[in-house]
file my_file04.cif (mmCIF, C-alpha atoms)
data_final
#
loop_
_atom_site.label_atom_id
_atom_site.label_comp_id
_atom_site.auth_asym_id
_atom_site.auth_seq_id
_atom_site.Cartn_x
_atom_site.Cartn_y
_atom_site.Cartn_z
CA MET D 1 -25.12 25.50 54.53
CA ARG D 2 -22.07 26.07 56.69
CA PRO D 3 -21.76 27.39 60.24
CA ASN D 4 -20.55 30.98 60.48
CA THR D 5 -18.38 30.15 63.50
CA ARG D 6 -16.09 27.23 64.24
CA ARG D 7 -17.47 24.29 66.18
CA THR D 8 -16.82 24.25 69.94
CA THR D 9 -14.12 21.76 70.92
CA LEU D 10 -13.45 19.74 74.07
CA ALA D 11 -10.50 22.03 74.77
CA ASP D 12 -12.80 25.08 74.72
CA ILE D 13 -15.15 23.45 77.24
CA ALA D 14 -12.26 22.29 79.43
CA GLN D 15 -10.71 25.76 79.56
CA GLU D 16 -14.01 27.41 80.51
CA ALA D 17 -14.81 24.76 83.13
CA GLY D 18 -11.32 24.85 84.60
CA VAL D 19 -10.76 21.13 84.16
CA SER D 20 -8.68 18.91 81.90
CA VAL D 21 -9.70 17.81 78.43
CA ALA D 22 -9.66 14.23 79.72
CA THR D 23 -12.30 15.13 82.33
CA VAL D 24 -14.56 16.68 79.71
CA SER D 25 -14.11 13.60 77.52
CA LYS D 26 -15.21 11.40 80.43
CA VAL D 27 -18.40 13.46 80.82
CA VAL D 28 -19.13 13.31 77.08
CA ASN D 29 -18.65 9.54 77.07
CA SER D 30 -20.68 9.05 80.30
CA ARG D 31 -17.72 7.76 82.30
CA GLY D 32 -18.42 7.43 86.04
CA ASP D 33 -15.15 8.69 87.57
CA VAL D 34 -16.04 12.42 87.64
CA ALA D 35 -17.21 14.34 90.72
CA PRO D 36 -20.95 15.21 90.57
CA GLN D 37 -20.38 18.99 90.80
CA THR D 38 -17.73 18.89 88.10
CA ARG D 39 -19.94 16.74 85.89
CA ALA D 40 -22.87 19.15 86.32
CA ARG D 41 -20.66 22.15 85.46
CA VAL D 42 -19.26 20.50 82.34
CA GLN D 43 -22.69 19.29 81.17
CA ALA D 44 -24.09 22.79 81.54
CA LEU D 45 -21.30 24.20 79.38
CA LEU D 46 -21.75 21.45 76.78
CA GLN D 47 -25.43 22.35 76.49
CA GLN D 48 -24.75 26.09 76.51
CA HIS D 49 -22.30 25.75 73.59
CA HIS D 50 -24.43 23.21 71.72
CA TYR D 51 -21.48 20.83 71.73
CA LEU D 52 -21.80 17.87 69.35
CA ALA D 53 -19.67 14.78 69.71
CA PRO D 54 -17.74 14.07 66.50
CA VAL D 55 -19.72 10.93 65.68
CA PHE D 56 -18.42 10.80 62.12
CA ARG D 57 -14.81 10.12 63.11
CA HIS D 58 -15.65 6.44 63.41
CA THR D 59 -17.28 6.26 59.99
CA GLU D 60 -14.97 8.31 57.80
CA GLY D 61 -13.84 5.19 55.98
CA VAL D 62 -17.42 4.16 55.17
CA GLN D 63 -18.71 5.36 51.81
CA SER D 64 -22.40 5.19 52.78
CA ALA D 65 -23.88 8.39 54.16
CA THR D 66 -27.32 8.71 55.78
CA ILE D 67 -29.53 11.58 54.64
CA GLU D 68 -32.64 12.67 56.53
CA VAL D 69 -35.59 13.45 54.23
CA GLN D 70 -38.39 15.44 55.83
CA PHE D 71 -41.78 16.42 54.47
CA ARG D 72 -44.83 18.07 55.97
CA GLY D 73 -48.49 17.23 55.56
CA GLY D 74 -49.77 14.05 53.96
CA LEU D 75 -47.93 11.70 51.63
CA ARG D 76 -49.42 13.25 48.49
CA SER D 77 -48.59 12.15 44.95
CA TYR D 78 -46.11 15.01 44.56
CA VAL D 79 -44.20 13.96 47.68
CA ALA D 80 -44.33 10.25 46.81
CA GLU D 81 -42.90 10.72 43.31
CA THR D 82 -40.19 13.08 44.57
CA LEU D 83 -39.25 10.52 47.23
CA GLU D 84 -38.90 7.88 44.52
CA GLY D 85 -36.26 10.02 42.83
CA ILE D 86 -34.39 10.48 46.11
CA ILE D 87 -34.50 6.80 47.01
CA ASP D 88 -33.49 5.57 43.55
CA SER D 89 -30.56 8.00 43.43
CA ALA D 90 -29.47 7.00 46.94
CA ALA D 91 -29.44 3.34 45.90
CA GLU D 92 -27.28 4.15 42.88
CA LEU D 93 -24.82 6.22 44.92
CA GLY D 94 -24.59 3.90 47.91
CA ALA D 95 -26.25 6.31 50.35
CA SER D 96 -28.94 5.62 52.93
CA VAL D 97 -32.16 7.61 53.36
CA VAL D 98 -34.35 8.03 56.43
CA ILE D 99 -37.80 9.51 55.76
CA SER D 100 -39.71 11.41 58.45
CA LYS D 101 -42.39 14.01 59.02
CA ALA D 102 -40.89 17.45 59.66
CA SER D 103 -40.63 17.98 63.43
CA HIS D 104 -38.67 20.81 64.99
CA ALA D 105 -38.62 19.71 68.61
CA PRO D 106 -35.94 21.22 70.89
CA HIS D 107 -32.43 20.21 69.81
CA TRP D 108 -33.84 18.32 66.80
CA ALA D 109 -30.78 19.08 64.66
CA ARG D 110 -28.40 17.85 67.36
CA ASP D 111 -30.49 14.69 67.67
CA LEU D 112 -30.19 14.10 63.92
CA VAL D 113 -26.41 14.42 64.11
CA SER D 114 -26.31 12.05 67.09
CA ALA D 115 -28.33 9.57 65.04
CA GLY D 116 -25.71 9.71 62.29
CA ARG D 117 -27.40 11.96 59.73
CA ARG D 118 -25.07 13.80 57.38
CA ALA D 119 -27.52 16.22 55.70
CA VAL D 120 -31.23 17.09 55.51
CA ILE D 121 -33.47 17.23 52.45
CA ALA D 122 -36.75 19.05 53.05
CA ILE D 123 -39.73 18.69 50.70
CA THR D 124 -41.92 21.83 50.68
CA SER D 125 -41.17 22.47 54.35
CA VAL D 126 -40.86 25.78 56.16
CA TYR D 127 -37.64 26.60 58.03
CA THR D 128 -37.32 29.72 60.16
CA ALA D 129 -34.09 31.60 60.84
CA ALA D 130 -33.93 29.83 64.21
CA HIS D 131 -34.14 26.43 62.49
CA LEU D 132 -31.37 27.40 60.09
CA ASP D 133 -29.21 28.61 62.97
CA GLU D 134 -29.64 25.28 64.74
CA LEU D 135 -28.73 23.36 61.59
CA ALA D 136 -25.66 25.58 61.17
CA ARG D 137 -24.52 24.93 64.74
CA ALA D 138 -24.99 21.22 64.16
CA GLY D 139 -23.04 21.40 60.91
CA LEU D 140 -25.92 19.80 58.97
CA PRO D 141 -26.31 20.94 55.34
CA LEU D 142 -29.89 21.56 54.17
CA VAL D 143 -31.36 21.15 50.68
CA VAL D 144 -34.96 22.28 50.14
CA LEU D 145 -37.14 20.92 47.35
CA ASP D 146 -39.71 23.39 45.98
CA PRO D 147 -39.21 25.93 48.80
CA LEU D 148 -42.46 27.51 50.01
CA HIS D 149 -40.65 30.71 50.95
CA LEU D 150 -37.75 32.56 49.37
CA PRO D 151 -34.69 30.54 50.42
CA ASP D 152 -32.17 31.98 52.87
CA ASN D 153 -28.79 32.48 51.21
CA ARG D 154 -27.46 29.70 53.44
CA VAL D 155 -29.87 27.19 51.92
CA ASN D 156 -29.47 25.16 48.75
CA SER D 157 -32.70 24.47 46.89
CA VAL D 158 -34.06 22.60 43.88
CA GLY D 159 -37.20 23.57 41.98
CA ALA D 160 -38.70 23.78 38.51
CA THR D 161 -39.39 26.57 36.03
CA ASN D 162 -42.75 27.42 37.61
CA PHE D 163 -43.19 30.76 35.81
CA ALA D 164 -42.56 29.16 32.43
CA GLY D 165 -44.95 26.35 33.32
CA GLY D 166 -47.71 28.77 34.29
CA LEU D 167 -47.11 30.73 31.10
CA ALA D 168 -47.29 27.60 28.91
CA ALA D 169 -50.47 26.32 30.59
CA THR D 170 -52.28 29.61 30.11
CA GLN D 171 -51.03 30.12 26.57
CA HIS D 172 -52.42 26.68 25.71
CA LEU D 173 -55.88 27.66 26.95
CA LEU D 174 -55.71 31.00 25.15
CA SER D 175 -54.68 29.26 21.92
CA LEU D 176 -57.88 27.20 22.15
CA GLY D 177 -59.90 30.41 22.25
CA HIS D 178 -60.55 30.75 25.98
CA ARG D 179 -60.56 34.29 27.40
CA ARG D 180 -62.32 33.72 30.72
CA VAL D 181 -59.49 31.75 32.34
CA ALA D 182 -59.20 31.46 36.13
CA TYR D 183 -56.26 30.47 38.31
CA LEU D 184 -56.93 28.30 41.37
CA GLY D 185 -53.68 27.92 43.26
CA GLY D 186 -51.91 26.97 46.47
CA PRO D 187 -50.79 29.14 49.41
CA ALA D 188 -50.68 32.80 48.36
CA MET D 189 -47.14 33.38 49.67
CA ALA D 190 -45.62 30.11 48.44
CA VAL D 191 -42.82 30.88 45.97
CA CYS D 192 -43.85 28.17 43.50
CA ASN D 193 -47.48 29.32 43.60
CA GLN D 194 -46.54 32.95 43.00
CA ALA D 195 -44.37 31.99 40.03
CA ARG D 196 -47.17 29.92 38.44
CA MET D 197 -49.68 32.70 39.03
CA HIS D 198 -47.36 35.33 37.54
CA GLY D 199 -46.87 33.11 34.49
CA TYR D 200 -50.66 32.92 34.16
CA ARG D 201 -51.03 36.69 34.48
CA ALA D 202 -48.23 37.35 32.00
CA ALA D 203 -49.90 35.17 29.37
CA MET D 204 -53.29 36.78 29.94
CA GLU D 205 -51.90 40.32 29.75
CA ALA D 206 -49.90 39.55 26.60
CA GLN D 207 -53.15 38.42 24.95
CA GLY D 208 -55.09 41.43 26.23
CA ALA D 209 -57.42 39.17 28.23
CA GLN D 210 -58.93 40.65 31.37
CA VAL D 211 -58.26 38.97 34.71
CA ALA D 212 -61.12 39.56 37.12
CA ASP D 213 -60.11 39.66 40.79
CA ALA D 214 -62.46 36.77 41.53
CA TYR D 215 -60.67 34.67 38.89
CA VAL D 216 -57.50 34.35 41.01
CA GLN D 217 -58.00 32.32 44.17
CA PRO D 218 -55.30 30.97 46.52
CA GLY D 219 -55.77 27.92 48.71
CA GLU D 220 -53.76 24.81 49.52
CA PHE D 221 -52.31 22.23 47.15
CA THR D 222 -55.14 19.84 47.97
CA TYR D 223 -58.15 18.15 46.40
CA GLU D 224 -60.40 20.03 48.85
CA THR D 225 -59.14 23.38 47.52
CA GLY D 226 -60.21 22.24 44.07
CA LEU D 227 -63.69 21.35 45.31
CA ARG D 228 -64.25 24.62 47.18
CA GLY D 229 -62.50 26.88 44.69
CA ALA D 230 -64.33 25.47 41.67
CA THR D 231 -67.66 25.86 43.48
CA ALA D 232 -66.91 29.55 44.01
CA LEU D 233 -65.63 30.12 40.47
CA LEU D 234 -68.48 28.31 38.76
CA GLY D 235 -70.98 30.24 40.90
CA LEU D 236 -69.83 33.62 39.57
CA PRO D 237 -72.24 35.62 37.38
CA GLU D 238 -69.76 35.14 34.55
CA PRO D 239 -67.96 31.88 35.33
CA PRO D 240 -64.68 30.94 33.65
CA THR D 241 -64.66 28.63 30.66
CA ALA D 242 -61.25 27.28 31.72
CA ILE D 243 -59.44 26.80 35.03
CA PHE D 244 -55.68 26.51 35.45
CA ALA D 245 -55.09 24.63 38.72
CA GLY D 246 -51.92 25.05 40.75
CA ASN D 247 -51.38 21.29 40.92
CA ASP D 248 -52.96 18.01 39.80
CA GLU D 249 -54.82 17.42 43.06
CA ILE D 250 -56.54 20.80 42.83
CA ALA D 251 -57.40 20.01 39.20
CA LEU D 252 -59.08 16.73 40.21
CA GLY D 253 -61.18 18.63 42.75
CA VAL D 254 -62.22 21.03 39.98
CA ILE D 255 -63.23 18.13 37.73
CA GLU D 256 -65.32 16.54 40.51
CA THR D 257 -67.13 19.81 41.25
CA ALA D 258 -67.86 20.25 37.54
CA ARG D 259 -69.26 16.71 37.42
CA THR D 260 -71.60 17.29 40.37
CA GLN D 261 -72.91 20.43 38.63
CA GLY D 262 -73.62 18.55 35.43
CA LEU D 263 -70.75 20.09 33.47
CA ARG D 264 -68.71 18.06 31.02
CA ILE D 265 -64.91 18.16 30.79
CA PRO D 266 -63.71 19.55 28.38
CA GLU D 267 -66.92 20.43 26.46
CA ASP D 268 -68.23 22.80 29.16
CA LEU D 269 -65.04 23.50 31.11
CA SER D 270 -61.36 23.04 30.29
CA VAL D 271 -58.99 22.16 33.13
CA VAL D 272 -55.18 22.23 33.29
CA GLY D 273 -53.13 20.95 36.24
CA PHE D 274 -49.50 21.17 37.30
CA ASP D 275 -46.96 18.43 38.26
CA ASP D 276 -47.96 15.52 35.97
CA THR D 277 -48.20 13.01 38.78
CA SER D 278 -49.76 9.60 38.22
CA LEU D 279 -53.09 11.22 39.10
CA ALA D 280 -53.02 13.18 35.84
CA GLN D 281 -52.82 10.08 33.69
CA THR D 282 -55.55 8.19 35.56
CA ALA D 283 -57.97 11.13 35.78
CA SER D 284 -61.21 10.99 33.83
CA PRO D 285 -60.66 12.46 31.34
CA PRO D 286 -56.84 12.28 31.37
CA LEU D 287 -55.54 15.64 32.57
CA THR D 288 -53.71 18.23 30.51
CA THR D 289 -50.97 19.38 32.88
CA VAL D 290 -47.53 20.94 33.25
CA ARG D 291 -44.93 18.28 33.89
CA GLN D 292 -42.41 18.83 36.65
CA PRO D 293 -39.52 16.33 36.53
CA LEU D 294 -40.27 15.26 40.10
CA ARG D 295 -38.03 12.20 40.22
CA GLU D 296 -35.15 14.11 38.65
CA MET D 297 -35.68 16.93 41.16
CA GLY D 298 -35.43 14.41 44.00
CA ALA D 299 -32.31 12.84 42.52
CA THR D 300 -30.70 16.27 42.10
CA ALA D 301 -31.42 17.17 45.72
CA LEU D 302 -29.87 13.91 46.90
CA ARG D 303 -26.68 14.50 44.89
CA ILE D 304 -26.35 18.04 46.27
CA ALA D 305 -26.92 16.83 49.83
CA LEU D 306 -24.16 14.24 49.48
CA ARG D 307 -21.73 16.81 48.09
CA LEU D 308 -22.43 19.19 50.96
CA ALA D 309 -22.14 16.37 53.50
CA ASN D 310 -18.73 15.61 52.03
CA GLY D 311 -17.61 19.20 52.60
CA GLU D 312 -17.86 20.19 48.94
CA ARG D 313 -19.66 23.22 47.53
CA ALA D 314 -22.77 23.06 45.37
CA GLU D 315 -22.50 24.60 41.92
CA SER D 316 -25.47 26.88 42.59
CA HIS D 317 -27.62 27.82 45.59
CA HIS D 318 -30.77 27.23 43.53
CA ILE D 319 -31.28 24.87 40.60
CA GLU D 320 -34.37 24.95 38.37
CA LEU D 321 -35.26 22.04 36.10
CA ALA D 322 -37.36 22.55 32.98
CA THR D 323 -41.12 22.01 32.86
CA ASP D 324 -43.13 20.77 29.85
CA LEU D 325 -46.79 21.07 28.91
CA VAL D 326 -48.45 17.66 28.44
CA VAL D 327 -51.70 17.98 26.47
CA ARG D 328 -54.35 15.33 27.13
CA ALA D 329 -58.15 15.23 26.99
CA SER D 330 -59.20 17.77 29.63
CA THR D 331 -58.86 20.84 27.39
CA ALA D 332 -60.77 21.92 24.26
CA PRO D 333 -62.08 25.14 22.66
CA PRO D 334 -64.84 26.89 24.66
CA ARG D 335 -68.35 25.68 23.91
CA GLU D 336 -69.50 28.77 22.02
CA GLN D 337 -66.38 28.74 19.84
CA ALA D 338 -66.64 25.00 19.24
CA SER D 339 -70.26 25.49 18.06
CA THR D 340 -69.18 28.24 15.66
CA ARG D 341 -66.46 26.02 14.23
CA ALA D 342 -68.92 23.15 13.77
CA GLN D 343 -71.38 25.39 11.90
CA SER D 344 -68.71 26.76 9.58
#
call {"tool": "encode", "arguments": {"input": "my_file04.cif", "output": "structure tokens"}}
result
Amino acid sequence: MRPNTRRTTLADIAQEAGVSVATVSKVVNSRGDVAPQTRARVQALLQQHHYLAPVFRHTEGVQSATIEVQFRGGLRSYVAETLEGIIDSAAELGASVVISKASHAPHWARDLVSAGRRAVIAITSVYTAAHLDELARAGLPLVVLDPLHLPDNRVNSVGATNFAGGLAATQHLLSLGHRRVAYLGGPAMAVCNQARMHGYRAAMEAQGAQVADAYVQPGEFTYETGLRGATALLGLPEPPTAIFAGNDEIALGVIETARTQGLRIPEDLSVVGFDDTSLAQTASPPLTTVRQPLREMGATALRIALRLANGERAESHHIELATDLVVRASTAPPREQASTRAQS
């Protein structure tokens, strides 16, 4: 992301204040030999123009750059594994990483620049037009991982082939003989959730399988959504025989709800997740899921951030890495079809 206008200089401030550049420099550097009224006038103009001291002039010869990595919510498995990719790539490339919770306090972008940050990587965070404008004024490039909303054309982003992943997950369940397949996803307006849901719908429609309105339920990418959503789905007059969950944490919530209702996985209910975090492998039974290359996504975001911080252009505003279906023990043919097969 690049500012649309040139950055305000000391000369610009000096001309508007009616003082010398040297006087403005003294104010910026907190020198004491400036009259109080003059200092107040210059400081007001500096704030009005969002002036940022060129802190990088002293570090241009240093190869290491510091990247701010922000995430919102808890440190879930998805975030943790993505962070591993960022940190490992930073170590290889000689960059430094500072990890923080997303906070958009007044002048937050200016504060990041003052602290020596060269770019920002955001993991599933929401940035408004005002946030982007502030980043642009500060000259801080932004790279978003798995954007929740459609990215602004000033933003570089990294994601995965969510539609293809949703398609593959649903096709797998259909190939086992399931026709009553539900989708339990994340936030309704999240781009990644919409893509996964559309992949699910595309597979169902191609097979001629009906999708009842009650079979598609949005929520959050959390274990609690899995608990509540599965309770609602399994309480329907005609409950699904399979549930495609929008991520692994939702899938684990589904499995727990099934257990409390005396249902067996996969004999009574098949479950597919999305992400292939460590949770999928340690689930009981091990979870069939769509693998996102989370560490590679983090590494890609870090490389793009460093290029932008160095004044270079990214090859593409949005990069999508391939997903893969990983079949484990949480999926099987529906019970009635499995009984028919056994009898034959």
call {"tool": "residues_near_point", "arguments": {"input": "my_file04.cif", "point": "(-31.5, 5.5, 50.5)", "cutoff": "10 Å", "atoms": "only C-alpha atoms", "output": "count of residues only"}}
result
23
call {"tool": "resolve_selection", "arguments": {"input": "my_file04.cif", "expression": "the PyMOL selection byres ((chain D and resi 177-187) around 6)", "output": "number ranges by chain"}}
result
D: 173-176, 188-190, 193, 209, 215-221, 240-246, 333-334
call {"tool": "resolve_selection", "arguments": {"input": "my_file04.cif", "expression": "the PyMOL selection byres ((chain D and resi 285) around 9)", "output": "PDB file with C-alpha atoms, in the coordinates of the input"}}
result
ATOM      1  CA  ILE D 255     -63.230  18.130  37.730  1.00  0.00           C
ATOM      2  CA  ILE D 265     -64.910  18.160  30.790  1.00  0.00           C
ATOM      3  CA  PRO D 266     -63.710  19.550  28.380  1.00  0.00           C
ATOM      4  CA  ALA D 280     -53.020  13.180  35.840  1.00  0.00           C
ATOM      5  CA  GLN D 281     -52.820  10.080  33.690  1.00  0.00           C
ATOM      6  CA  THR D 282     -55.550   8.190  35.560  1.00  0.00           C
ATOM      7  CA  ALA D 283     -57.970  11.130  35.780  1.00  0.00           C
ATOM      8  CA  SER D 284     -61.210  10.990  33.830  1.00  0.00           C
ATOM      9  CA  PRO D 286     -56.840  12.280  31.370  1.00  0.00           C
ATOM     10  CA  LEU D 287     -55.540  15.640  32.570  1.00  0.00           C
ATOM     11  CA  ARG D 328     -54.350  15.330  27.130  1.00  0.00           C
ATOM     12  CA  ALA D 329     -58.150  15.230  26.990  1.00  0.00           C
ATOM     13  CA  SER D 330     -59.200  17.770  29.630  1.00  0.00           C
TER      14      SER D 330
END
call {"tool": "closest_residue", "arguments": {"input": "my_file04.cif", "among": "D:Asp133, D:Glu312, D:Asp146, D:Asp275", "to": "D:Leu325", "atoms": "only C-alpha atoms"}}
result
D:Asp275
call {"tool": "closest_residue", "arguments": {"input": "my_file04.cif", "among": "D:Glu256, D:Asp248, D:Glu205, D:Asp111", "to": "D:Ser278", "atoms": "only C-alpha atoms"}}
result
D:Asp248
call {"tool": "atom_distance", "arguments": {"input": "my_file04.cif", "atom1": "atom CA of D:Gly85", "atom2": "atom CA of D:Arg303"}}
result
10.8 Å
call {"tool": "resolve_selection", "arguments": {"input": "my_file04.cif", "expression": "the PyMOL selection byres ((chain D and resi 167-169) around 10)", "output": "VMD selection string"}}
result
chain D and resid 162 to 166 170 to 174 195 to 204 244 to 245 271 to 274 288 to 290 323 to 327
call {"tool": "closest_residue", "arguments": {"input": "my_file04.cif", "among": "D:Ser270, D:Arg118, D:Ala109, D:Thr161", "to": "D:Ala138", "atoms": "all atoms listed in the file"}}
result
D:Ala109
call {"tool": "residues_around", "arguments": {"input": "my_file04.cif", "residues": "D:Thr300", "least_positions_apart": "5", "cutoff": "10 Å", "atoms": "only C-alpha atoms", "output": "list of chain:residue names"}}
result
D:Gly85, D:Ile86, D:Ser89, D:Val143, D:Leu145, D:Ser157, D:Val158, D:Gly159, D:Leu294, D:Arg295, D:Ala305, D:Ile319, D:Leu321
call {"tool": "atom_distance", "arguments": {"input": "my_file04.cif", "atom1": "atom CA of D:Asp213", "atom2": "atom CA of D:Pro147"}}
result
26.3 Å
call {"tool": "residues_around", "arguments": {"input": "my_file04.cif", "residues": "D:His149", "least_positions_apart": "3", "cutoff": "10 Å", "atoms": "all atoms listed in the file", "output": "JSON, numbers by chain"}}
result
{"D": [124, 125, 126, 127, 128, 146, 152, 189, 190, 191, 192]}
call {"tool": "atom_distance", "arguments": {"input": "my_file04.cif", "atom1": "atom CA of D:Ala309", "atom2": "atom CA of D:Ala119"}}
result
5.8 Å
call {"tool": "residues_around", "arguments": {"input": "my_file04.cif", "residues": "D:Pro141", "least_positions_apart": "5", "cutoff": "10 Å", "atoms": "all atoms listed in the file", "output": "PyMOL selection string"}}
result
chain D and resi 1-3+67+118-121+132+135-136+154-156+304-311
call {"tool": "closest_residue", "arguments": {"input": "my_file04.cif", "among": "D:Ser100, D:Thr222, D:Gln261, D:Asn153", "to": "D:Leu234", "atoms": "only C-alpha atoms"}}
result
D:Gln261
call {"tool": "closest_atom_pairs", "arguments": {"input": "my_file04.cif", "of": "stretch 247-269 of chain D", "to": "stretch 72-79 of chain D", "cutoff": "12 Å", "atoms": "all atoms listed in the file", "output": "tab-separated table"}}
result
residue	atom	partner	partner_atom	distance
D:Asn247	CA	D:Tyr78	CA	9.0
D:Asp248	CA	D:Tyr78	CA	8.9
D:Glu249	CA	D:Ser77	CA	8.4
D:Ile250	CA	D:Arg76	CA	11.8
call {"tool": "residues_around", "arguments": {"input": "my_file04.cif", "residues": "D:Pro106", "least_positions_apart": "2", "cutoff": "12 Å", "atoms": "only C-alpha atoms", "output": "list in words"}}
result
Gln47, His50, Ser103, His104, Trp108, Ala109, Arg110, Asp111, Leu112, Ala130, His131, Glu134 and Leu135 of chain D
call {"tool": "residues_around", "arguments": {"input": "my_file04.cif", "residues": "stretch 10-18 of chain D", "least_positions_apart": "3", "cutoff": "7 Å", "atoms": "all atoms listed in the file", "output": "PDB file with C-alpha atoms, in the coordinates of the input"}}
result
ATOM      1  CA  VAL D  21      -9.700  17.810  78.430  1.00  0.00           C
ATOM      2  CA  VAL D  24     -14.560  16.680  79.710  1.00  0.00           C
ATOM      3  CA  ARG D  41     -20.660  22.150  85.460  1.00  0.00           C
ATOM      4  CA  VAL D  42     -19.260  20.500  82.340  1.00  0.00           C
ATOM      5  CA  LEU D  45     -21.300  24.200  79.380  1.00  0.00           C
ATOM      6  CA  LEU D  46     -21.750  21.450  76.780  1.00  0.00           C
TER       7      LEU D  46
END
call {"tool": "build_atoms", "arguments": {"input": "my_file04.cif", "residues": "stretch 63-78 of chain D", "atoms": "N, CA, C and O atoms", "output": "mmCIF file, in the coordinates of the input"}}
result
data_model
loop_
_atom_site.group_PDB
_atom_site.id
_atom_site.type_symbol
_atom_site.label_atom_id
_atom_site.label_comp_id
_atom_site.auth_asym_id
_atom_site.auth_seq_id
_atom_site.Cartn_x
_atom_site.Cartn_y
_atom_site.Cartn_z
ATOM 1 N N GLN D 63 -18.226 4.533 52.907
ATOM 2 C CA GLN D 63 -18.710 5.360 51.810
ATOM 3 C C GLN D 63 -20.166 5.764 52.008
ATOM 4 O O GLN D 63 -20.578 6.832 51.613
ATOM 5 N N SER D 64 -20.975 4.906 52.639
ATOM 6 C CA SER D 64 -22.400 5.190 52.780
ATOM 7 C C SER D 64 -22.625 6.346 53.734
ATOM 8 O O SER D 64 -22.052 6.414 54.815
ATOM 9 N N ALA D 65 -23.480 7.289 53.309
ATOM 10 C CA ALA D 65 -23.880 8.390 54.160
ATOM 11 C C ALA D 65 -25.389 8.311 54.347
ATOM 12 O O ALA D 65 -26.114 7.843 53.475
ATOM 13 N N THR D 66 -25.884 8.754 55.502
ATOM 14 C CA THR D 66 -27.320 8.710 55.780
ATOM 15 C C THR D 66 -27.887 10.116 55.706
ATOM 16 O O THR D 66 -27.423 11.025 56.397
ATOM 17 N N ILE D 67 -28.894 10.285 54.861
ATOM 18 C CA ILE D 67 -29.530 11.580 54.640
ATOM 19 C C ILE D 67 -30.933 11.539 55.222
ATOM 20 O O ILE D 67 -31.692 10.599 54.974
ATOM 21 N N GLU D 68 -31.287 12.541 55.998
ATOM 22 C CA GLU D 68 -32.640 12.670 56.530
ATOM 23 C C GLU D 68 -33.510 13.410 55.513
ATOM 24 O O GLU D 68 -33.164 14.499 55.050
ATOM 25 N N VAL D 69 -34.646 12.820 55.152
ATOM 26 C CA VAL D 69 -35.590 13.450 54.230
ATOM 27 C C VAL D 69 -36.866 13.752 54.989
ATOM 28 O O VAL D 69 -37.512 12.847 55.516
ATOM 29 N N GLN D 70 -37.220 15.030 55.066
ATOM 30 C CA GLN D 70 -38.390 15.440 55.830
ATOM 31 C C GLN D 70 -39.437 16.052 54.914
ATOM 32 O O GLN D 70 -39.110 16.755 53.961
ATOM 33 N N PHE D 71 -40.686 15.769 55.197
ATOM 34 C CA PHE D 71 -41.780 16.420 54.470
ATOM 35 C C PHE D 71 -42.883 16.748 55.467
ATOM 36 O O PHE D 71 -42.965 16.185 56.550
ATOM 37 N N ARG D 72 -43.722 17.701 55.093
ATOM 38 C CA ARG D 72 -44.830 18.070 55.970
ATOM 39 C C ARG D 72 -46.143 17.708 55.309
ATOM 40 O O ARG D 72 -46.224 17.565 54.094
ATOM 41 N N GLY D 73 -47.179 17.566 56.110
ATOM 42 C CA GLY D 73 -48.490 17.230 55.560
ATOM 43 C C GLY D 73 -48.576 15.753 55.209
ATOM 44 O O GLY D 73 -47.798 14.920 55.669
ATOM 45 N N GLY D 74 -49.552 15.439 54.343
ATOM 46 C CA GLY D 74 -49.770 14.050 53.960
ATOM 47 C C GLY D 74 -48.817 13.597 52.869
ATOM 48 O O GLY D 74 -48.124 14.399 52.236
ATOM 49 N N LEU D 75 -48.796 12.297 52.658
ATOM 50 C CA LEU D 75 -47.930 11.700 51.630
ATOM 51 C C LEU D 75 -48.660 11.793 50.284
ATOM 52 O O LEU D 75 -49.173 10.810 49.758
ATOM 53 N N ARG D 76 -48.708 13.012 49.739
ATOM 54 C CA ARG D 76 -49.420 13.250 48.490
ATOM 55 C C ARG D 76 -48.597 12.723 47.309
ATOM 56 O O ARG D 76 -47.433 12.359 47.448
ATOM 57 N N SER D 77 -49.248 12.687 46.146
ATOM 58 C CA SER D 77 -48.590 12.150 44.950
ATOM 59 C C SER D 77 -47.297 12.893 44.649
ATOM 60 O O SER D 77 -46.285 12.284 44.278
ATOM 61 N N TYR D 78 -47.320 14.219 44.808
ATOM 62 C CA TYR D 78 -46.110 15.010 44.560
ATOM 63 C C TYR D 78 -44.969 14.528 45.443
ATOM 64 O O TYR D 78 -43.846 14.310 44.969
#
